[in-house]
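Coordinates from protein_34.cif are shown below (mmCIF, C-alpha atoms).
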```cif
data_query
loop_
_atom_site.group_PDB
_atom_site.id
_atom_site.type_symbol
_atom_site.label_atom_id
_atom_site.label_comp_id
_atom_site.auth_asym_id
_atom_site.auth_seq_id
_atom_site.Cartn_x
_atom_site.Cartn_y
_atom_site.Cartn_z
ATOM 1 C CA MET A 267 -40.237 42.979 93.661
ATOM 2 C CA GLU A 268 -37.845 40.119 94.343
ATOM 3 C CA THR A 269 -35.415 41.077 97.087
ATOM 4 C CA GLU A 270 -32.881 38.282 96.684
ATOM 5 C CA GLU A 271 -31.872 35.908 93.928
ATOM 6 C CA ILE A 272 -32.306 32.199 94.497
ATOM 7 C CA THR A 273 -28.906 30.891 95.523
ATOM 8 C CA LYS A 274 -27.846 28.358 92.890
ATOM 9 C CA GLU A 275 -24.988 27.223 95.109
ATOM 10 C CA ASN A 276 -27.440 26.184 97.837
ATOM 11 C CA LEU A 277 -29.606 24.269 95.389
ATOM 12 C CA LYS A 278 -26.617 22.285 94.112
ATOM 13 C CA LYS A 279 -25.417 21.227 97.541
ATOM 14 C CA LYS A 280 -26.734 18.015 99.049
ATOM 15 C CA TRP A 281 -27.053 19.480 102.535
ATOM 16 C CA VAL A 282 -26.598 23.062 103.667
ATOM 17 C CA GLY A 283 -25.546 24.040 107.165
ATOM 18 C CA SER A 284 -25.723 22.377 110.548
ATOM 19 C CA SER A 285 -28.270 22.251 113.381
ATOM 20 C CA VAL A 286 -25.908 23.769 115.952
ATOM 21 C CA ALA A 287 -28.033 26.579 117.396
ATOM 22 C CA GLU A 288 -26.956 30.183 117.870
ATOM 23 C CA ARG A 289 -26.722 29.649 121.617
ATOM 24 C CA GLU A 290 -24.261 26.842 120.812
ATOM 25 C CA GLY A 291 -22.007 29.048 118.714
ATOM 26 C CA GLN A 292 -23.475 29.229 115.202
ATOM 27 C CA GLU A 293 -24.932 32.446 113.804
ATOM 28 C CA TRP A 294 -28.500 32.134 112.527
ATOM 29 C CA ASP A 295 -30.936 34.279 110.589
ATOM 30 C CA LYS A 296 -34.312 33.431 109.077
ATOM 31 C CA LYS A 297 -33.003 33.009 105.533
ATOM 32 C CA LYS A 298 -30.393 30.549 106.733
ATOM 33 C CA GLU A 299 -32.919 28.640 108.817
ATOM 34 C CA MET A 300 -35.483 28.346 106.024
ATOM 35 C CA ASP A 301 -32.867 26.946 103.655
ATOM 36 C CA PHE A 302 -31.614 24.577 106.351
ATOM 37 C CA THR A 303 -35.107 23.416 107.338
ATOM 38 C CA TYR A 304 -36.781 23.270 103.908
ATOM 39 C CA THR A 305 -34.361 23.628 100.975
ATOM 40 C CA ASN A 306 -32.318 20.753 102.399
ATOM 41 C CA ILE A 307 -35.307 18.393 102.180
ATOM 42 C CA ASP A 308 -36.790 19.846 98.981
ATOM 43 C CA LYS A 309 -36.230 16.707 96.887
ATOM 44 C CA PHE A 310 -37.415 14.457 99.698
ATOM 45 C CA ILE A 311 -40.684 16.353 100.148
ATOM 46 C CA ARG A 312 -41.502 16.721 96.454
ATOM 47 C CA THR A 313 -40.821 13.048 95.692
ATOM 48 C CA SER A 314 -42.960 12.061 98.693
ATOM 49 C CA LEU A 315 -45.849 14.552 98.667
ATOM 50 C CA GLY A 316 -45.826 15.944 95.129
ATOM 51 C CA GLU A 317 -44.469 18.959 93.278
ATOM 52 C CA ASN A 318 -46.772 21.411 95.031
ATOM 53 C CA ALA A 319 -46.910 19.676 98.388
ATOM 54 C CA HIS A 320 -49.583 20.681 100.907
ATOM 55 C CA PHE A 321 -47.070 20.828 103.765
ATOM 56 C CA SER A 322 -49.266 22.041 106.619
ATOM 57 C CA ASN A 323 -51.920 20.564 108.881
ATOM 58 C CA ALA A 324 -54.973 19.208 107.066
ATOM 59 C CA MET A 325 -58.552 19.707 108.287
ATOM 60 C CA TYR A 326 -60.287 16.462 109.269
ATOM 61 C CA ASN A 327 -62.490 17.900 112.030
ATOM 62 C CA GLY A 328 -62.953 14.425 113.481
ATOM 63 C CA ASP A 329 -63.708 12.626 110.215
ATOM 64 C CA TYR A 330 -60.609 10.470 109.862
ATOM 65 C CA SER A 331 -62.184 8.374 107.120
ATOM 66 C CA MET A 332 -61.122 11.118 104.692
ATOM 67 C CA SER A 333 -57.935 10.782 102.707
ATOM 68 C CA LEU A 334 -55.102 13.211 103.340
ATOM 69 C CA GLU A 335 -55.771 14.926 100.017
ATOM 70 C CA GLU A 336 -59.481 15.312 100.830
ATOM 71 C CA ALA A 337 -58.656 16.820 104.232
ATOM 72 C CA GLN A 338 -56.221 19.276 102.676
ATOM 73 C CA LEU A 339 -58.842 20.358 100.133
ATOM 74 C CA LYS A 340 -61.427 20.689 102.911
ATOM 75 C CA LYS A 341 -59.055 23.110 104.645
ATOM 76 C CA TYR A 342 -58.673 25.188 101.491
ATOM 77 C CA GLU A 343 -62.448 25.220 100.921
ATOM 78 C CA PHE A 344 -62.960 26.418 104.493
ATOM 79 C CA VAL A 345 -60.398 29.217 104.199
ATOM 80 C CA THR A 346 -61.735 30.312 100.817
ATOM 81 C CA LYS A 347 -65.288 30.566 102.149
ATOM 82 C CA GLU A 348 -64.466 32.187 105.495
ATOM 83 C CA LEU A 349 -62.146 34.818 103.999
ATOM 84 C CA GLY A 350 -64.548 35.599 101.172
ATOM 85 C CA ILE A 351 -61.992 34.724 98.503
ATOM 86 C CA LYS A 352 -63.491 34.542 95.014
ATOM 87 C CA LYS A 353 -62.446 34.786 91.376
ATOM 88 C CA GLY A 354 -60.230 37.825 90.947
ATOM 89 C CA SER A 355 -59.474 38.248 94.664
ATOM 90 C CA LYS A 356 -55.925 39.234 95.477
ATOM 91 C CA VAL A 357 -54.396 36.967 98.135
ATOM 92 C CA LEU A 358 -50.982 37.029 99.811
ATOM 93 C CA ASP A 359 -49.615 33.798 101.281
ATOM 94 C CA LEU A 360 -46.944 34.390 103.933
ATOM 95 C CA GLY A 361 -44.553 31.427 103.821
ATOM 96 C CA CYS A 362 -45.948 29.769 100.698
ATOM 97 C CA GLY A 363 -44.039 26.479 100.993
ATOM 98 C CA TRP A 364 -44.168 24.364 97.845
ATOM 99 C CA GLY A 365 -47.227 26.233 96.575
ATOM 100 C CA GLY A 366 -50.141 23.886 97.267
ATOM 101 C CA TRP A 367 -52.413 26.754 98.366
ATOM 102 C CA LEU A 368 -51.246 29.057 95.562
ATOM 103 C CA LYS A 369 -52.043 26.353 93.020
ATOM 104 C CA TYR A 370 -55.513 25.877 94.530
ATOM 105 C CA LEU A 371 -56.170 29.617 94.379
ATOM 106 C CA ARG A 372 -55.133 29.750 90.731
ATOM 107 C CA ASP A 373 -56.653 26.537 89.390
ATOM 108 C CA VAL A 374 -59.803 26.127 91.491
ATOM 109 C CA VAL A 375 -60.812 29.605 92.676
ATOM 110 C CA GLY A 376 -59.370 31.784 89.925
ATOM 111 C CA ALA A 377 -57.880 34.163 92.480
ATOM 112 C CA ASP A 378 -54.615 36.074 92.113
ATOM 113 C CA GLY A 379 -52.274 34.469 94.663
ATOM 114 C CA ILE A 380 -48.802 35.757 95.516
ATOM 115 C CA GLY A 381 -46.457 33.870 97.841
ATOM 116 C CA VAL A 382 -43.353 34.900 99.755
ATOM 117 C CA ASN A 383 -40.779 32.611 101.301
ATOM 118 C CA LEU A 384 -37.108 32.473 102.281
ATOM 119 C CA SER A 385 -36.423 28.901 101.141
ATOM 120 C CA ASP A 386 -34.677 28.790 97.764
ATOM 121 C CA GLY A 387 -35.892 25.253 97.105
ATOM 122 C CA GLN A 388 -39.532 26.019 97.847
ATOM 123 C CA VAL A 389 -39.646 29.211 95.769
ATOM 124 C CA LYS A 390 -37.925 27.470 92.856
ATOM 125 C CA ALA A 391 -40.524 24.669 92.971
ATOM 126 C CA CYS A 392 -43.361 27.219 92.949
ATOM 127 C CA ARG A 393 -41.919 29.095 89.979
ATOM 128 C CA GLU A 394 -41.299 25.938 87.980
ATOM 129 C CA ASN A 395 -45.036 25.303 88.245
ATOM 130 C CA GLY A 396 -45.966 28.783 87.065
ATOM 131 C CA LEU A 397 -46.854 30.195 90.490
ATOM 132 C CA LYS A 398 -46.057 33.706 91.701
ATOM 133 C CA ALA A 399 -43.516 33.286 94.509
ATOM 134 C CA PHE A 400 -40.745 35.551 95.718
ATOM 135 C CA ILE A 401 -37.733 35.327 98.022
ATOM 136 C CA LYS A 402 -38.802 37.678 100.777
ATOM 137 C CA ASP A 403 -39.126 37.585 104.571
ATOM 138 C CA ALA A 404 -42.821 37.071 105.392
ATOM 139 C CA ARG A 405 -42.419 39.144 108.557
ATOM 140 C CA PHE A 406 -41.585 42.363 106.763
ATOM 141 C CA VAL A 407 -43.705 42.555 103.612
ATOM 142 C CA LYS A 408 -44.997 46.097 103.010
ATOM 143 C CA PRO A 409 -47.677 47.537 100.693
ATOM 144 C CA GLU A 410 -44.997 49.050 98.476
ATOM 145 C CA ASP A 411 -43.727 45.517 97.716
ATOM 146 C CA PHE A 412 -46.867 43.988 96.163
ATOM 147 C CA GLY A 413 -49.707 46.379 96.978
ATOM 148 C CA THR A 414 -52.573 45.523 99.346
ATOM 149 C CA PHE A 415 -54.726 42.418 99.439
ATOM 150 C CA ASP A 416 -58.284 41.186 99.944
ATOM 151 C CA ALA A 417 -57.004 38.356 102.133
ATOM 152 C CA VAL A 418 -53.755 37.202 103.722
ATOM 153 C CA THR A 419 -52.921 33.638 104.800
ATOM 154 C CA ALA A 420 -50.170 31.924 106.775
ATOM 155 C CA PHE A 421 -50.275 28.111 106.822
ATOM 156 C CA GLY A 422 -47.697 27.269 109.477
ATOM 157 C CA SER A 423 -45.234 30.084 108.805
ATOM 158 C CA PHE A 424 -46.105 31.929 112.030
ATOM 159 C CA GLU A 425 -44.101 29.230 113.805
ATOM 160 C CA HIS A 426 -40.957 30.876 112.420
ATOM 161 C CA VAL A 427 -41.792 34.498 113.255
ATOM 162 C CA ALA A 428 -40.119 34.608 116.684
ATOM 163 C CA SER A 429 -36.654 33.225 117.383
ATOM 164 C CA VAL A 430 -35.261 31.464 120.420
ATOM 165 C CA LYS A 431 -33.224 34.609 121.058
ATOM 166 C CA ASP A 432 -36.425 36.710 120.984
ATOM 167 C CA TYR A 433 -37.921 34.464 123.651
ATOM 168 C CA LEU A 434 -34.815 34.464 125.850
ATOM 169 C CA ASN A 435 -34.510 38.256 125.545
ATOM 170 C CA GLY A 436 -38.162 38.791 126.477
ATOM 171 C CA LYS A 437 -39.026 40.212 123.049
ATOM 172 C CA GLN A 438 -41.412 37.558 121.723
ATOM 173 C CA ASP A 439 -44.557 39.674 122.239
ATOM 174 C CA GLU A 440 -42.882 42.692 120.632
ATOM 175 C CA VAL A 441 -41.956 40.625 117.579
ATOM 176 C CA TYR A 442 -45.500 39.266 117.275
ATOM 177 C CA GLU A 443 -47.086 42.705 117.571
ATOM 178 C CA ASP A 444 -44.804 44.040 114.841
ATOM 179 C CA TYR A 445 -45.766 41.091 112.628
ATOM 180 C CA PHE A 446 -49.491 41.706 113.055
ATOM 181 C CA LYS A 447 -48.986 45.403 112.362
ATOM 182 C CA HIS A 448 -47.349 44.501 109.043
ATOM 183 C CA VAL A 449 -50.166 42.076 108.159
ATOM 184 C CA ALA A 450 -52.851 44.637 108.979
ATOM 185 C CA ASN A 451 -51.159 47.195 106.730
ATOM 186 C CA LEU A 452 -51.322 44.703 103.855
ATOM 187 C CA LEU A 453 -55.088 44.209 104.027
ATOM 188 C CA ASN A 454 -57.742 46.205 102.232
ATOM 189 C CA PRO A 455 -60.673 47.490 104.338
ATOM 190 C CA GLY A 456 -62.785 44.493 105.350
ATOM 191 C CA GLY A 457 -59.921 42.102 104.596
ATOM 192 C CA LYS A 458 -59.335 38.998 106.690
ATOM 193 C CA PHE A 459 -56.288 37.042 107.806
ATOM 194 C CA TYR A 460 -56.235 33.252 108.243
ATOM 195 C CA MET A 461 -53.371 31.616 110.078
ATOM 196 C CA GLN A 462 -52.617 28.225 111.548
ATOM 197 C CA SER A 463 -49.693 27.497 113.807
ATOM 198 C CA MET A 464 -48.223 25.073 116.273
ATOM 199 C CA VAL A 465 -48.416 26.393 119.835
ATOM 200 C CA PHE A 466 -47.098 25.223 123.186
ATOM 201 C CA GLU A 467 -49.605 23.355 125.334
ATOM 202 C CA LYS A 468 -50.032 22.315 128.959
ATOM 203 C CA ASN A 469 -47.160 19.812 129.019
ATOM 204 C CA MET A 470 -44.470 22.079 127.564
ATOM 205 C CA ILE A 471 -41.269 21.730 129.602
ATOM 206 C CA PRO A 472 -39.131 24.640 130.921
ATOM 207 C CA PHE A 473 -36.494 25.853 128.482
ATOM 208 C CA ASP A 474 -33.596 24.771 130.714
ATOM 209 C CA LYS A 475 -34.896 21.175 130.658
ATOM 210 C CA ILE A 476 -34.462 20.823 126.880
ATOM 211 C CA ASP A 477 -31.489 18.503 126.378
ATOM 212 C CA ILE A 478 -30.400 16.565 123.285
ATOM 213 C CA ASN A 479 -28.369 14.275 125.572
ATOM 214 C CA ALA A 480 -31.381 13.316 127.728
ATOM 215 C CA PRO A 481 -32.875 9.777 127.559
ATOM 216 C CA LYS A 482 -34.205 9.130 124.062
ATOM 217 C CA ASP A 483 -37.861 8.719 125.085
ATOM 218 C CA SER A 484 -37.941 11.734 127.391
ATOM 219 C CA ASP A 485 -39.755 14.982 126.679
ATOM 220 C CA SER A 486 -36.424 16.759 127.108
ATOM 221 C CA TYR A 487 -34.833 14.815 124.242
ATOM 222 C CA ILE A 488 -37.900 14.821 121.972
ATOM 223 C CA PHE A 489 -38.243 18.591 122.077
ATOM 224 C CA ALA A 490 -34.478 19.127 121.741
ATOM 225 C CA LEU A 491 -34.589 16.956 118.616
ATOM 226 C CA LEU A 492 -37.409 19.090 117.221
ATOM 227 C CA LEU A 493 -35.270 22.194 117.772
ATOM 228 C CA LYS A 494 -32.535 20.551 115.716
ATOM 229 C CA HIS A 495 -34.898 20.866 112.738
ATOM 230 C CA ASN A 496 -35.855 24.489 113.509
ATOM 231 C CA PRO A 497 -32.864 25.865 115.440
ATOM 232 C CA ASP A 498 -33.919 29.519 115.248
ATOM 233 C CA SER A 499 -37.693 29.294 115.880
ATOM 234 C CA TRP A 500 -39.824 29.555 119.018
ATOM 235 C CA ILE A 501 -43.615 29.279 119.016
ATOM 236 C CA ALA A 502 -46.441 30.939 120.950
ATOM 237 C CA TYR A 503 -47.727 29.795 124.341
ATOM 238 C CA GLY A 504 -51.225 28.723 123.343
ATOM 239 C CA HIS A 505 -53.671 30.360 120.947
ATOM 240 C CA GLU A 506 -54.456 32.973 123.600
ATOM 241 C CA HIS A 507 -50.902 34.298 123.231
ATOM 242 C CA ILE A 508 -51.467 34.849 119.515
ATOM 243 C CA ILE A 509 -54.861 36.520 119.984
ATOM 244 C CA ARG A 510 -53.504 38.833 122.683
ATOM 245 C CA THR A 511 -50.583 40.090 120.595
ATOM 246 C CA ALA A 512 -52.804 40.522 117.527
ATOM 247 C CA ALA A 513 -55.435 42.510 119.479
ATOM 248 C CA PRO A 514 -54.107 46.034 118.729
ATOM 249 C CA PHE A 515 -54.713 45.417 115.015
ATOM 250 C CA PHE A 516 -57.213 42.544 114.682
ATOM 251 C CA LYS A 517 -60.423 41.126 116.103
ATOM 252 C CA ASN A 518 -60.374 37.348 116.423
ATOM 253 C CA THR A 519 -63.494 35.797 114.872
ATOM 254 C CA PHE A 520 -62.660 32.087 114.761
ATOM 255 C CA TYR A 521 -60.527 29.552 116.598
ATOM 256 C CA SER A 522 -60.325 25.766 116.433
ATOM 257 C CA ASP A 523 -57.909 23.243 117.915
ATOM 258 C CA GLY A 524 -56.204 21.129 115.253
ATOM 259 C CA ARG A 525 -53.959 19.022 117.496
ATOM 260 C CA LEU A 526 -55.601 15.676 116.708
ATOM 261 C CA ASP A 527 -55.775 16.581 113.023
ATOM 262 C CA TYR A 528 -52.021 17.222 113.032
ATOM 263 C CA ILE A 529 -51.347 13.790 114.545
ATOM 264 C CA LYS A 530 -53.367 12.225 111.724
ATOM 265 C CA THR A 531 -51.756 14.449 109.065
ATOM 266 C CA ASN A 532 -48.283 13.559 110.285
ATOM 267 C CA ARG A 533 -49.057 9.842 110.251
ATOM 268 C CA GLU A 534 -50.255 10.082 106.661
ATOM 269 C CA TRP A 535 -47.136 12.020 105.683
ATOM 270 C CA THR A 536 -44.970 9.366 107.315
ATOM 271 C CA LYS A 537 -46.584 6.656 105.166
ATOM 272 C CA LEU A 538 -45.753 8.672 102.058
ATOM 273 C CA PHE A 539 -42.225 9.417 103.294
ATOM 274 C CA TYR A 540 -41.516 5.693 103.590
ATOM 275 C CA LYS A 541 -43.165 4.783 100.281
ATOM 276 C CA PHE A 542 -40.544 3.648 97.782
ATOM 277 C CA ASN A 543 -39.424 6.092 95.139
ATOM 278 C CA LEU A 544 -36.124 5.610 93.314
ATOM 279 C CA LYS A 545 -35.256 9.333 93.206
ATOM 280 C CA LYS A 546 -35.905 9.614 96.912
ATOM 281 C CA TYR A 547 -33.709 6.668 97.799
ATOM 282 C CA LEU A 548 -30.921 7.894 95.534
ATOM 283 C CA TRP A 549 -31.129 11.209 97.424
ATOM 284 C CA PHE A 550 -30.811 9.321 100.699
ATOM 285 C CA ALA A 551 -27.846 7.362 99.327
ATOM 286 C CA SER A 552 -26.053 10.577 98.381
ATOM 287 C CA LEU A 553 -26.178 11.647 102.039
ATOM 288 C CA VAL A 554 -24.756 8.446 103.541
ATOM 289 C CA PRO A 555 -21.183 9.815 103.951
ATOM 290 C CA LYS A 556 -22.492 12.583 106.215
ATOM 291 C CA LEU A 557 -24.012 9.931 108.456
ATOM 292 C CA PHE A 558 -20.498 8.908 109.504
ATOM 293 C CA THR A 559 -18.824 12.321 109.547
ATOM 294 C CA ASP A 560 -21.437 14.742 110.892
ATOM 295 C CA LYS A 561 -23.059 14.238 114.303
ATOM 296 C CA GLU A 562 -25.498 17.055 113.649
ATOM 297 C CA PHE A 563 -26.650 15.386 110.441
ATOM 298 C CA ARG A 564 -27.439 12.251 112.423
ATOM 299 C CA HIS A 565 -29.945 14.332 114.381
ATOM 300 C CA GLN A 566 -31.673 15.153 111.083
ATOM 301 C CA LEU A 567 -32.039 11.463 110.270
ATOM 302 C CA ALA A 568 -33.363 10.896 113.794
ATOM 303 C CA ILE A 569 -36.018 13.544 113.098
ATOM 304 C CA LEU A 570 -37.198 11.614 110.033
ATOM 305 C CA ARG A 571 -37.292 8.425 112.071
ATOM 306 C CA VAL A 572 -38.736 9.629 115.403
ATOM 307 C CA ARG A 573 -41.092 12.337 114.043
ATOM 308 C CA PRO A 574 -40.669 14.514 117.172
ATOM 309 C CA ASN A 575 -43.348 17.011 116.154
ATOM 310 C CA ARG A 576 -45.965 14.239 116.142
ATOM 311 C CA VAL A 577 -44.737 12.961 119.496
ATOM 312 C CA CYS A 578 -45.029 16.497 120.901
ATOM 313 C CA PHE A 579 -48.648 16.627 119.714
ATOM 314 C CA GLU A 580 -49.410 13.204 121.159
ATOM 315 C CA ARG A 581 -47.955 14.193 124.541
ATOM 316 C CA GLU A 582 -49.670 17.616 124.466
ATOM 317 C CA ILE A 583 -46.350 19.392 124.620
ATOM 318 C CA MET A 584 -47.643 21.210 121.549
ATOM 319 C CA GLY A 585 -51.059 21.973 120.169
ATOM 320 C CA HIS A 586 -52.292 23.527 116.953
ATOM 321 C CA ALA A 587 -54.342 26.692 116.466
ATOM 322 C CA ARG A 588 -56.472 27.707 113.482
ATOM 323 C CA LEU A 589 -57.415 31.375 113.684
ATOM 324 C CA ILE A 590 -59.279 33.946 111.593
ATOM 325 C CA PHE A 591 -58.767 37.656 112.204
ATOM 326 C CA GLU A 592 -60.613 40.727 110.931
ATOM 327 C CA LYS A 593 -58.692 43.961 110.533
ATOM 328 C CA ILE A 594 -59.815 46.591 113.042
#
```

Could you write out this structure as structure tokens?
Amino acid sequence: METEEITKENLKKKWVGSSVAEREGQEWDKKKEMDFTYTNIDKFIRTSLGENAHFSNAMYNGDYSMSLEEAQLKKYEFVTKELGIKKGSKVLDLGCGWGGWLKYLRDVVGADGIGVNLSDGQVKACRENGLKAFIKDARFVKPEDFGTFDAVTAFGSFEHVASVKDYLNGKQDEVYEDYFKHVANLLNPGGKFYMQSMVFEKNMIPFDKIDINAPKDSDSYIFALLLKHNPDSWIAYGHEHIIRTAAPFFKNTFYSDGRLDYIKTNREWTKLFYKFNLKKYLWFASLVPKLFTDKEFRHQLAILRVRPNRVCFEREIMGHARLIFEKI
């Protein structure tokens, strides 16, 4: 069922690739982007957030007295209940990250969770912890790969479904519709799909205003810096965009706005990112030479410092959608 071996060469390197986008002369595909965006920071994330990091927006729902861990578990409890997941249920996680949800399904619910991902580092971390994870593009999973499922989930992976090129070529809706068709084909009758994703909001700037050379506090620079972390991804224009493109295959039964929750989640992550850990700081030290030789790498350090995704949420350039769909 595995379509591609984990690339040992990538896992040995300290940093793979560059953030020069395709429109700037570098070829991109989703496998390359996922390794660039996530395998590169694998050690950093696991030493900061844990072996099976919950690396997606938590669910506070206004109660910010909860700890980050409590809010992540509240999210999983909500999804489990609303999708009718129980012991023995078969669940597919599209873009399984470091396996936090898969571990919850196995250890708490007793469900049979399978994850797919294109990041070598993330899949390796899942497997080392006994989780079922495979190198496969979440956009193109078919029933013949793993069978069909009682529920399907996507915690933040929808953000990577469409590319910048898809948007510029006017094909974003087409790509989304194809994605939802694939998801629908994976669900058993009565099955449900939960997804959460960043979306553009009311203060999103025009594409031609995005500029990495703009003033450092400007929206133009902040969003350009965010694209340096995800050079090949483009997100939906509000939750309505997602619902509309899913409509041929799904009925939307739930929506909530998680923008404020993501601001809180990101702040809590930042505290953990800065918390001292010897392995983490040795990893940082190993990258110091690139700081002086690679301009594009300096953008990656700026991302860790500025946290442009949080700034985009604070300025309502981006929002966050939680959605539940029922197969038609």

Item to complete: Give me the result of the PyMOL selection byres ((chain A and resi 283-300) around 9) on this file, residue by residue, as JSON, numbers by chain.
Response: {"A": [281, 282, 301, 302, 303, 304, 305, 306, 383, 384, 385, 386, 402, 403, 426, 427, 429, 430, 431, 493, 494, 495, 496, 497, 498, 499, 560, 562, 563, 565, 566]}

Just the selected residues (C-alpha atoms), exported as a PDB file, in the frame of the given file, please.
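Saved the output as again-v5.pdb:
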```
ATOM      1  CA  TRP A 281     -27.053  19.480 102.535  1.00  0.00           C
ATOM      2  CA  VAL A 282     -26.598  23.062 103.667  1.00  0.00           C
ATOM      3  CA  ASP A 301     -32.867  26.946 103.655  1.00  0.00           C
ATOM      4  CA  PHE A 302     -31.614  24.577 106.351  1.00  0.00           C
ATOM      5  CA  THR A 303     -35.107  23.416 107.338  1.00  0.00           C
ATOM      6  CA  TYR A 304     -36.781  23.270 103.908  1.00  0.00           C
ATOM      7  CA  THR A 305     -34.361  23.628 100.975  1.00  0.00           C
ATOM      8  CA  ASN A 306     -32.318  20.753 102.399  1.00  0.00           C
ATOM      9  CA  ASN A 383     -40.779  32.611 101.301  1.00  0.00           C
ATOM     10  CA  LEU A 384     -37.108  32.473 102.281  1.00  0.00           C
ATOM     11  CA  SER A 385     -36.423  28.901 101.141  1.00  0.00           C
ATOM     12  CA  ASP A 386     -34.677  28.790  97.764  1.00  0.00           C
ATOM     13  CA  LYS A 402     -38.802  37.678 100.777  1.00  0.00           C
ATOM     14  CA  ASP A 403     -39.126  37.585 104.571  1.00  0.00           C
ATOM     15  CA  HIS A 426     -40.957  30.876 112.420  1.00  0.00           C
ATOM     16  CA  VAL A 427     -41.792  34.498 113.255  1.00  0.00           C
ATOM     17  CA  SER A 429     -36.654  33.225 117.383  1.00  0.00           C
ATOM     18  CA  VAL A 430     -35.261  31.464 120.420  1.00  0.00           C
ATOM     19  CA  LYS A 431     -33.224  34.609 121.058  1.00  0.00           C
ATOM     20  CA  LEU A 493     -35.270  22.194 117.772  1.00  0.00           C
ATOM     21  CA  LYS A 494     -32.535  20.551 115.716  1.00  0.00           C
ATOM     22  CA  HIS A 495     -34.898  20.866 112.738  1.00  0.00           C
ATOM     23  CA  ASN A 496     -35.855  24.489 113.509  1.00  0.00           C
ATOM     24  CA  PRO A 497     -32.864  25.865 115.440  1.00  0.00           C
ATOM     25  CA  ASP A 498     -33.919  29.519 115.248  1.00  0.00           C
ATOM     26  CA  SER A 499     -37.693  29.294 115.880  1.00  0.00           C
ATOM     27  CA  ASP A 560     -21.437  14.742 110.892  1.00  0.00           C
ATOM     28  CA  GLU A 562     -25.498  17.055 113.649  1.00  0.00           C
ATOM     29  CA  PHE A 563     -26.650  15.386 110.441  1.00  0.00           C
ATOM     30  CA  HIS A 565     -29.945  14.332 114.381  1.00  0.00           C
ATOM     31  CA  GLN A 566     -31.673  15.153 111.083  1.00  0.00           C
TER      32      GLN A 566
END
```

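Between atom CA of Val345 of chain A and atom CA of Val374 of chain A the separation is 13.1 Å.
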
Quiz item: Given the file above and the PyMOL selection byres ((chain A and resi 357) around 8), which residues are selected, and can you give them as a list in words?
Solution: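 Checking the PyMOL selection byres ((chain A and resi 357) around 8) against this file, the residues are Ile351, Ser355, Lys356, Leu358, Asp359, Ala377, Asp378, Gly379, Ile380, Phe415, Asp416, Ala417, Val418 and Thr419 of chain A.
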
Exercise. List, as a PyMOL selection string, every residue that the PyMOL selection byres ((chain A and resi 469-482) around 10) selects in the file provided.
Key: chain A and resi 430+433-434+465-468+483-494+503+565+572+578-579+581-585

Subject >> Shell around Asp523 of chain A at 8 Å using all atoms listed in the file, local window under 5 positions removed, as a PyMOL selection string >> reply: chain A and resi 585-588

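When only C-alpha atoms are used to compute distances to His505 of chain A, the closest of the residues A:Val407, A:Ala551, A:Met461, A:Leu526 turns out to be A:Met461.
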
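Taking atom CA of Arg525 of chain A and atom CA of Lys341 of chain A as the two end points, the separation is 14.4 Å.
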
Atom CA of Tyr521 of chain A to atom CA of Phe591 of chain A measures 9.4 Å

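When all atoms listed in the file are used to measure the gap to Glu348 of chain A, the shortest distance among A:Gly457, A:Phe550, A:Ala391, A:Trp500 belongs to A:Gly457.
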
Check your understanding: Hey, can you pull every residue with an atom no more than 10 Å from (-53.6, 34.2, 110.6), using all atoms listed in the file, and send it as a ChimeraX atom specification?
Key -> /A:360,418-424,446,449,458-463,508-509,512,516,518,587-592

- Query: Nearest to Leu349 of chain A: which of A:Lys447, A:Lys556, A:Lys593, A:Arg533 is it, counting all atoms listed in the file?
  - Reply: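 Of A:Lys447, A:Lys556, A:Lys593, A:Arg533, the one nearest Leu349 of chain A is A:Lys593, counting all atoms listed in the file.
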
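Considering the residues A:Phe412, A:Phe520, A:Asp527, A:Glu317 and counting all atoms listed in the file, Ser331 of chain A has its shortest atom-to-atom contact with A:Asp527.
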
Counting all atoms listed in the file, the residue among A:Thr531, A:Leu538, A:Gly376, A:Gly350 that lies closest to Glu336 of chain A is A:Thr531

If you count all atoms listed in the file, the residue of A:Phe310, A:Leu567, A:Leu368, A:Asn327 closest to Gly524 of chain A turns out to be A:Asn327

So for segment 543-555 of chain A, what box centre and size do we get, axis-aligned, 6 Å extra on each of the six sides, every listed atom, Å to one decimal, as JSON?
```
{"center_x": -30.3, "center_y": 8.6, "center_z": 98.6, "size_x": 30.2, "size_y": 18.0, "size_z": 22.7}
```
